[in-house]
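> Take a look at this one; I'll ask things after.
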Amino acid sequence: MNQLLNKIALTLSQSQIDLPRLEARRILSFVCHKSEDEVALQERELSMAETQILEDIIRQRKAHKPLDKILGSKGFYKYDFIVSEDVLSPRPDTEILVEEAISLLPSDKPQKIVDFGTGSGCILLSLLAENKLWQGQGVDISAKALNIAKQNAALLGVEQQVRWINKGWFDADLPQLLDSPVDMIVSNPPYIPSQDIQSLDDEVKNYDPLLALDGGEDGLNHYRQIAQVSAPLLKEGGFILLEVGIHQAQMVADIFCQAGLHWVKTVSDLGQIARCVILKK
Ligand code: GLN
């Protein structure tokens, strides 16, 4: 199907899609229900139904709908997650948080983990899939997001390890709904300053929920509230791992230190941007 792959890649590149060949392989693999390698080797014509699906995908992609939102799934850490316009698409940078969490959690005993703003569930569910002893509580203000997270829990086979709480951190009754104290809190909250939302890439601002992006005037509103709620929830010695936006690491660390936690380290992403702040109670 090399000819078809080339044709799709060319069409995508003419619409200024960044990685046309990579996406062409992904699209064809989705249409044919075959792995990307198999698709490249296969020599056959597409059926009418497959051609129609392919054309529909290309039409949407040319209009710059993100590929993962068209196909309904995105790879993150070791797994494929269901995504929709109700959740922030998992980003590769967030995998750092998962790796750091795994290295901090003891693997030989039960651990309680809370995820504030769970969205697709990609962080929490990746952790639970790593160790059957670990238990999670996923908090999200969006019932639609939790619906996706639940589907992902089933997909990864970790439903028995997780409970969902449809509340925001500004809700006064959240603390009493959580089973605490907990060993670890993880969060990738909305952190884009409101005035910067307009300058985000169209594929982000038009297809990721605003609710998952907007961090208020200085981008730090959610961290301030999460700090207030988190400090009392953590066990002595428990950790909190936060994803942060560009230039926010120091300010976020200060907010959590003022709430009584102790800074442990800040980890940079592949682009050398300080991306994950880790503190301890
Ligand atoms: N990393 C996302 C972006 O820059 C923002 C995610 C968030 O606000 N937590 O598009």
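Just remember, in the structure tokens the first chain shown is A, the second B, etc., residues are 1-based per chain, and ligands are 1-based in the order shown.
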Could you list, as a list in words, every residue within 12 Å of Ala63 (chain A), counting only C-alpha atoms and ignoring same-chain residues fewer than 6 positions away?
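After dropping sequence-adjacent residues, the list is Thr11, Leu12, Gln14, Ser15, Gln16, Ile17, Asp56, Ile57, Ile70, Asp202, Glu203, Asn206 and Tyr207 of chain A.
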> Export, as a JSON list (two decimals), in the first residue's frame, the selected residues with C-alpha atoms.

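So again.json came out as:
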```json
[["chain", "number", "residue", "atom", "x", "y", "z"],
["A", 11, "THR", "CA", -2.47, 15.33, 0.67],
["A", 12, "LEU", "CA", -1.70, 15.93, 4.35],
["A", 14, "GLN", "CA", -0.40, 20.11, 1.24],
["A", 15, "SER", "CA", -2.60, 21.02, 4.21],
["A", 16, "GLN", "CA", 0.48, 21.89, 6.31],
["A", 17, "ILE", "CA", 0.23, 18.84, 8.56],
["A", 56, "ASP", "CA", -13.84, 11.04, 5.96],
["A", 57, "ILE", "CA", -10.71, 11.02, 8.15],
["A", 70, "ILE", "CA", -10.61, 12.03, 14.87],
["A", 202, "ASP", "CA", -5.74, 26.06, 16.80],
["A", 203, "GLU", "CA", -5.61, 22.31, 17.24],
["A", 206, "ASN", "CA", -10.43, 24.42, 19.28],
["A", 207, "TYR", "CA", -10.39, 20.79, 20.35]]
```
> List as a ChimeraX atom specification the protein and nucleic acid residues lying within 12 Å of ligand 1, with only C-alpha atoms and all ligand atoms counted.
/A:87-95,116-119,187-194,196-216,219-223,242-246,248,269,273,275-276
> What's around Arg26 (chain A) at 12 Å? Count only C-alpha atoms, leave out sequence neighbours fewer than 2 positions away in its own chain, and write the answer as number ranges by chain.
A: 5, 8-9, 19-24, 28-40, 54, 57-58, 67-68, 70-71, 73-75
> Can you tell me, as a PyMOL selection string, what residues are no more than 7 Å from Gln135 (chain A) when counting only C-alpha atoms, ignoring any on the same chain fewer than 4 positions away?
chain A and resi 111-113+128+161-162
> Please dump the current selection as a tab-separated table (two decimals), in the first residue's frame; keep N, CA and C atoms.

```tsv
chain	number	residue	atom	x	y	z
A	111	GLN	N	-0.69	1.34	48.03
A	111	GLN	CA	-0.50	2.79	48.05
A	111	GLN	C	-1.80	3.46	47.60
A	112	LYS	N	-2.11	4.58	48.23
A	112	LYS	CA	-3.30	5.35	47.82
A	112	LYS	C	-2.85	6.59	47.05
A	113	ILE	N	-3.40	6.72	45.84
A	113	ILE	CA	-3.00	7.82	44.95
A	113	ILE	C	-4.25	8.63	44.56
A	128	LEU	N	-1.85	2.80	37.98
A	128	LEU	CA	-2.56	1.63	38.51
A	128	LEU	C	-2.24	0.37	37.70
A	161	GLN	N	-9.39	-1.06	40.89
A	161	GLN	CA	-8.42	-0.31	41.71
A	161	GLN	C	-8.75	1.17	41.82
A	162	VAL	N	-9.86	1.59	41.20
A	162	VAL	CA	-10.08	3.03	41.12
A	162	VAL	C	-11.50	3.43	41.49
```
> Hey, which of A:Ala253, A:Val114, A:Ile278, A:Met1 ends up closest to Val229 (chain A)? Count only C-alpha atoms.
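The shortest atom-to-atom distance to Val229 (chain A) comes from A:Val114.
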> Would you please give, as a PyMOL selection string, all residues of region 103-247 of chain A that DSSP assigns to strand (DSSP E or B) based on the backbone?
chain A and resi 111-116+134-139+162-165+182-187+192+214+234-243
> Step one, run DSSP on the backbone; step two, keep only residues of region 6-227 of chain A assigned to alpha helix (DSSP H); then write them as number ranges by chain.
A: 6-14, 20-32, 36-41, 48-62, 67-71, 95-104, 122-130, 143-156, 174-177, 202-205, 221-227
> Those same residues - C-alpha atoms - I'd like them written as a CSV table (one decimal), in the first residue's frame.

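Wrote out-v3.csv, looks like this:
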```csv
chain,number,residue,atom,x,y,z
A,6,ASN,CA,2.4,8.3,-0.4
A,7,LYS,CA,-0.8,9.8,-1.7
A,8,ILE,CA,-2.2,10.3,1.8
A,9,ALA,CA,1.0,11.8,3.0
A,10,LEU,CA,1.1,14.2,0.1
A,11,THR,CA,-2.5,15.3,0.7
A,12,LEU,CA,-1.7,15.9,4.4
A,13,SER,CA,1.5,17.8,3.6
A,14,GLN,CA,-0.4,20.1,1.2
A,20,PRO,CA,2.4,13.7,7.1
A,21,ARG,CA,4.0,10.3,6.6
A,22,LEU,CA,3.7,9.3,10.2
A,23,GLU,CA,0.1,10.3,10.3
A,24,ALA,CA,-0.6,8.6,6.9
A,25,ARG,CA,0.6,5.3,8.4
A,26,ARG,CA,-1.5,5.8,11.5
A,27,ILE,CA,-4.6,6.6,9.5
A,28,LEU,CA,-4.2,3.6,7.2
A,29,SER,CA,-3.5,1.3,10.1
A,30,PHE,CA,-6.8,2.5,11.7
A,31,VAL,CA,-8.8,2.1,8.5
A,32,CYS,CA,-7.4,-1.4,7.8
A,36,GLU,CA,1.4,0.2,11.0
A,37,ASP,CA,4.1,-2.3,9.9
A,38,GLU,CA,1.6,-4.7,8.4
A,39,VAL,CA,-0.1,-1.8,6.5
A,40,ALA,CA,3.2,-0.8,4.9
A,41,LEU,CA,3.9,-4.3,3.7
A,48,MET,CA,-15.6,0.7,-0.7
A,49,ALA,CA,-16.4,1.0,3.0
A,50,GLU,CA,-12.7,1.5,3.9
A,51,THR,CA,-12.3,4.1,1.2
A,52,GLN,CA,-15.2,6.0,2.6
A,53,ILE,CA,-13.8,5.9,6.2
A,54,LEU,CA,-10.4,7.0,4.8
A,55,GLU,CA,-11.9,10.0,2.9
A,56,ASP,CA,-13.8,11.0,6.0
A,57,ILE,CA,-10.7,11.0,8.1
A,58,ILE,CA,-8.7,13.0,5.6
A,59,ARG,CA,-11.4,15.6,5.2
A,60,GLN,CA,-11.4,16.2,9.0
A,61,ARG,CA,-7.6,16.2,9.2
A,62,LYS,CA,-7.3,18.7,6.4
A,67,LEU,CA,-5.7,13.2,14.5
A,68,ASP,CA,-6.2,11.6,18.0
A,69,LYS,CA,-9.6,13.4,18.3
A,70,ILE,CA,-10.6,12.0,14.9
A,71,LEU,CA,-9.5,8.5,15.6
A,95,GLU,CA,4.8,10.9,30.8
A,96,ILE,CA,7.6,12.4,33.0
A,97,LEU,CA,5.1,12.7,35.8
A,98,VAL,CA,4.2,9.0,35.5
A,99,GLU,CA,7.8,7.9,35.4
A,100,GLU,CA,8.7,10.0,38.5
A,101,ALA,CA,5.7,8.7,40.4
A,102,ILE,CA,6.6,5.1,39.7
A,103,SER,CA,10.1,5.7,40.9
A,104,LEU,CA,8.8,7.2,44.2
A,122,CYS,CA,-4.0,8.8,31.5
A,123,ILE,CA,-1.7,9.6,34.6
A,124,LEU,CA,-3.6,7.7,37.3
A,125,LEU,CA,-4.5,4.7,35.1
A,126,SER,CA,-1.0,4.3,33.9
A,127,LEU,CA,0.1,4.1,37.5
A,128,LEU,CA,-2.6,1.6,38.5
A,129,ALA,CA,-1.7,-0.6,35.5
A,130,GLU,CA,1.9,-0.6,36.7
A,143,ALA,CA,-18.8,14.3,34.3
A,144,LYS,CA,-18.1,13.8,30.6
A,145,ALA,CA,-14.4,13.5,31.2
A,146,LEU,CA,-15.0,10.9,34.0
A,147,ASN,CA,-17.1,8.9,31.5
A,148,ILE,CA,-14.0,8.7,29.2
A,149,ALA,CA,-11.7,7.9,32.2
A,150,LYS,CA,-14.1,5.0,33.2
A,151,GLN,CA,-13.8,3.6,29.7
A,152,ASN,CA,-10.1,3.8,29.9
A,153,ALA,CA,-10.0,2.1,33.3
A,154,ALA,CA,-11.9,-0.8,31.7
A,155,LEU,CA,-9.6,-0.9,28.7
A,156,LEU,CA,-6.5,-1.2,31.0
A,174,LEU,CA,-14.4,17.4,48.3
A,175,PRO,CA,-12.1,16.6,51.3
A,176,GLN,CA,-14.8,14.5,53.0
A,177,LEU,CA,-15.5,12.5,49.8
A,202,ASP,CA,-5.7,26.1,16.8
A,203,GLU,CA,-5.6,22.3,17.2
A,204,VAL,CA,-5.3,22.8,21.0
A,205,LYS,CA,-7.7,25.7,21.6
A,221,ASN,CA,-5.4,29.8,40.3
A,222,HIS,CA,-5.8,26.0,40.3
A,223,TYR,CA,-2.4,25.4,42.0
A,224,ARG,CA,-3.4,27.8,44.8
A,225,GLN,CA,-6.5,25.9,45.6
A,226,ILE,CA,-5.0,22.4,45.0
A,227,ALA,CA,-2.3,23.4,47.6
```
> Considering only C-alpha atoms, state which residue in the set A:Val264, A:Ala274, A:Leu279, A:Val139 is at the smallest distance from Leu234 (chain A).
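The answer is A:Leu279, which sits nearest to Leu234 (chain A).
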> Rounded to one decimal place, report the CA of Leu105 (chain A)-CA of Lys235 (chain A) distance in Å.
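CA of Leu105 (chain A) sits 13.1 Å away from CA of Lys235 (chain A).
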> Can you tell me, as a VMD selection string, what residues are no more than 6 Å from Leu261 (chain A) when counting only C-alpha atoms, ignoring any on the same chain fewer than 5 positions away?
chain A and resid 256 280 to 281
> Write out, as a PDB file, in the first residue's frame, the residues just selected, with all heavy atoms.

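Writing done, so here's selection_30.pdb:
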```pdb
ATOM      1  N   PHE A 256       3.171  25.771  47.067  1.00  0.00           N
ATOM      2  CA  PHE A 256       3.013  24.534  47.851  1.00  0.00           C
ATOM      3  C   PHE A 256       3.871  24.551  49.109  1.00  0.00           C
ATOM      4  O   PHE A 256       3.487  23.980  50.131  1.00  0.00           O
ATOM      5  CB  PHE A 256       3.268  23.295  46.977  1.00  0.00           C
ATOM      6  CG  PHE A 256       2.087  22.990  46.097  1.00  0.00           C
ATOM      7  CD1 PHE A 256       1.892  23.674  44.903  1.00  0.00           C
ATOM      8  CD2 PHE A 256       1.132  22.066  46.475  1.00  0.00           C
ATOM      9  CE1 PHE A 256       0.787  23.439  44.101  1.00  0.00           C
ATOM     10  CE2 PHE A 256       0.019  21.812  45.679  1.00  0.00           C
ATOM     11  CZ  PHE A 256      -0.152  22.508  44.487  1.00  0.00           C
ATOM     12  N   LYS A 280       7.126  17.153  49.050  1.00  0.00           N
ATOM     13  CA  LYS A 280       6.897  16.082  50.036  1.00  0.00           C
ATOM     14  C   LYS A 280       6.294  16.711  51.276  1.00  0.00           C
ATOM     15  O   LYS A 280       6.615  17.862  51.615  1.00  0.00           O
ATOM     16  CB  LYS A 280       8.263  15.483  50.363  1.00  0.00           C
ATOM     17  CG  LYS A 280       8.232  14.220  51.154  1.00  0.00           C
ATOM     18  CD  LYS A 280       9.647  13.679  51.279  1.00  0.00           C
ATOM     19  CE  LYS A 280       9.596  12.365  52.021  1.00  0.00           C
ATOM     20  NZ  LYS A 280      10.872  11.705  52.055  1.00  0.00           N
ATOM     21  N   LYS A 281       5.450  15.949  51.995  1.00  0.00           N
ATOM     22  CA  LYS A 281       4.905  16.493  53.250  1.00  0.00           C
ATOM     23  C   LYS A 281       5.866  16.171  54.398  1.00  0.00           C
ATOM     24  O   LYS A 281       6.391  15.075  54.445  1.00  0.00           O
ATOM     25  CB  LYS A 281       3.547  15.887  53.538  1.00  0.00           C
ATOM     26  CG  LYS A 281       2.908  16.432  54.813  1.00  0.00           C
ATOM     27  CD  LYS A 281       1.409  16.273  54.773  1.00  0.00           C
ATOM     28  CE  LYS A 281       0.798  16.589  56.122  1.00  0.00           C
ATOM     29  NZ  LYS A 281      -0.657  16.431  56.099  1.00  0.00           N
TER      30      LYS A 281
END
```
